[in-house]
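Enquirer: Take this structure first; my questions come after.
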Amino acid sequence: MRVLHTSDWHLGRSFHRVSMLGAQADFIRHLVLTVRERDVDAVVVSGDVYDRAVPPLAAVELFDDALHRLAELGVPTVMISGNHDSARRLGVGAGLIERAGIHLRTAAAACGTPVVLTDTHGDVAFYGLPYLEPALVKDEFAVEKPGHETVLAAAMDRVRADLATREPGTRSVVLAHAFVTGGAPSDSERDISVGGVSSVPAGVFDGVDYVALGHLHGSQTLTERVRYSGSPLPYSFSETDHHKSMWLVDLGADGAIDAERIDCPVPRRLARVRGRLEDLLADPELARHEEAWLEATLTDPVRPAEPMARLCARFPHTLSLVFDPERAPDDPDVSYATRLAGRDDQQIAEDFVAHVRGTGPDEHEQTVLRDAFDALRADEAVREVAR
């Protein structure tokens with residue numbers, strides 16, 4: 001069975017101030033063309049279909065167009081909700097849509113109920129594990145200490161239990177939206193840490209033939225059977241070196257995997273430059289970046305006048321301007337933002353306690369802070385679901 005694995009469309013998202021709807025529509029056309037030309041048997045979309053719980057109308061219309069195009073092909077499609085989606089909203093009409101061959105899996109309770117497709121070698125069971133927010137699904141899975149690993153492990157127990165009841169030789173594909181240990185993140189993914197832990201070991205998914213992951217935006221292979229497709233488009237300059245693609249996976253009669261990367265359309269190349277403004281404007285080596293979406297980091301000791309306007313005169317697609325003056329690390333003028341770079345909320349809070357009190361928080365106080373951040377994030381997730 002030939003499976004096309006994609007994820008993280010983030011319909012409705014912009015890249016800095018540039019709307020990506022046109023590029024997203026181009027991707028959908030490319031997806032449909034790939035399905036048709038490469039004789040794809042099934043499409044899987046591993047979450048973050050939308051960029052927000054309540055997407056703009058234009059994004060909903062584009063999703064509707066994608067569903068119609070995929071249904072017209074007569075090729076089954078399995079989709080799950082991600083941490084950016086509202087599972088309940090995405091799942092509205094799922095029963096009716098399923099009649100057209102589009103299988104939406106957005107409920108935690110259905111993790112052990114697969115979409116079963118058949119080829120000449122027998123059945124392939126597709127299990128959809130939507131993003132499982134531990135605070136919201138802990139009762140469903142009866143876990144005492146909710147965390148990403150515990151809820152995913154409980155969901156996979158249901159998958160393996162169902163698979164054990166099926167005919168010997170039934171092959172299996174799991175769609176999951178999670179941060180799996182070993183994956184390389186970028187700046188454009190939303191933090192999903194619980195208790196200071198955001199990732200789960202790949203071993204959680206043992207026992208199935210292929211795991212189609214979503215959440216991380218870089219295409220990557222964790223094991224031969226566990227892969228991220230990555231987002232089809234860039235959503236931060238940290239993705240400048242990404243090779244945006246989908247996985248075309250041939251699942252053999254014995255469950256063997258043969259995977260090929262299918263390039264996605266590139267709306268405009270990304271580039272990052274760094275240096276003093278006058279040097280950036282004069283350097284002939286940078287001519288290759290003049291048509292790219294650009295992030296410029298200026299190192300001038302004193303902020304120059306009208307830097308964005310001057311950069312845009314040479315690099316008309318400059319979207320991001322960062323100031324990182326050439327100063328010694330102990331210079332009192334080093335910016336607050338610079339001091340906080342790369343630090344998560346927990347670390348910032350602990351540093352604040354140390355600054356105010358003279359000593360950092362002890363183990364108990366660290367736990368109190370961590371629980372407070374977890375509770376806040378869980379509350380935000382609950383409010384998003386209720387919208």
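FYI, nothing fancy with the structure tokens labels: chains A, B, ... in order, residues from 1 per chain, ligands from 1 as they appear.
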Write out as a list in words the residues lying within 7 Å of segment 21-26 of chain A, counting only C-alpha atoms and excluding same-chain residues fewer than 6 positions away.

Expert: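 Final neighbour list, sorted by chain and number: Leu11, Gly12, Leu62 and Pro267 of chain A.
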
Enquirer: From a DSSP pass on the backbone, collect the residues of segment 186-373 of chain A flagged as helix (DSSP H, G or I) and hand them back as a VMD selection string.

Expert: chain A and resid 202 to 205 237 to 239 277 to 282 284 to 289 307 to 314 336 to 340 345 to 357 363 to 373

Enquirer: Could you pull the residues within 6 Å of Cys111 of chain A, counting only C-alpha atoms, minus those fewer than 3 positions along the same chain, as a CSV table (one decimal) with N, CA, C and O atoms, in the first residue's frame?

Expert:
chain,number,residue,atom,x,y,z
A,108,ALA,N,-10.1,11.4,21.6
A,108,ALA,CA,-9.2,10.4,22.3
A,108,ALA,C,-9.8,9.1,22.5
A,108,ALA,O,-9.1,8.0,22.4
A,128,GLY,N,-5.7,6.6,14.4
A,128,GLY,CA,-5.5,8.1,14.5
A,128,GLY,C,-5.4,8.5,16.0
A,128,GLY,O,-6.4,8.3,16.7
A,129,LEU,N,-4.3,8.9,16.4
A,129,LEU,CA,-4.1,9.5,17.8
A,129,LEU,C,-4.0,11.0,17.7
A,129,LEU,O,-2.9,11.5,17.4

Enquirer: Which residue, A:Ala58, A:Val45, A:Arg268, A:His364, has the smallest gap to Trp247 of chain A when you use only C-alpha atoms?

Expert: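 Nearest candidate to Trp247 of chain A out of A:Ala58, A:Val45, A:Arg268, A:His364: A:Val45.
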
Enquirer: Residues within 9 Å of Gly275 of chain A, please, as JSON, numbers by chain. Count only C-alpha atoms; anything in the same chain fewer than 3 positions from it doesn't count.

Expert: {"A": [278, 279, 280, 296, 297, 298, 299, 300]}

Enquirer: Neighbours of Ala292 of chain A within 8 Å (only C-alpha atoms; same-chain residues fewer than 2 positions away dropped), as a list in words?

Expert: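 Close residues of Ala292 of chain A: Arg268, Arg269, Leu270, Ala271, His289, Glu290, Leu294, Phe315, His317 and Thr318 of chain A.
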
Enquirer: Atom CA of Ala176 of chain A and atom CA of Val78 of chain A are how many Å apart?

Expert: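 Between atom CA of Ala176 of chain A and atom CA of Val78 of chain A the gap works out to 11.5 Å.
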
Enquirer: Just give me the gap between atom CA of Arg370 of chain A and atom CA of Val151 of chain A in Å, one decimal is fine.

Expert: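 Rounded to one decimal, the two atoms are 19.1 Å apart.
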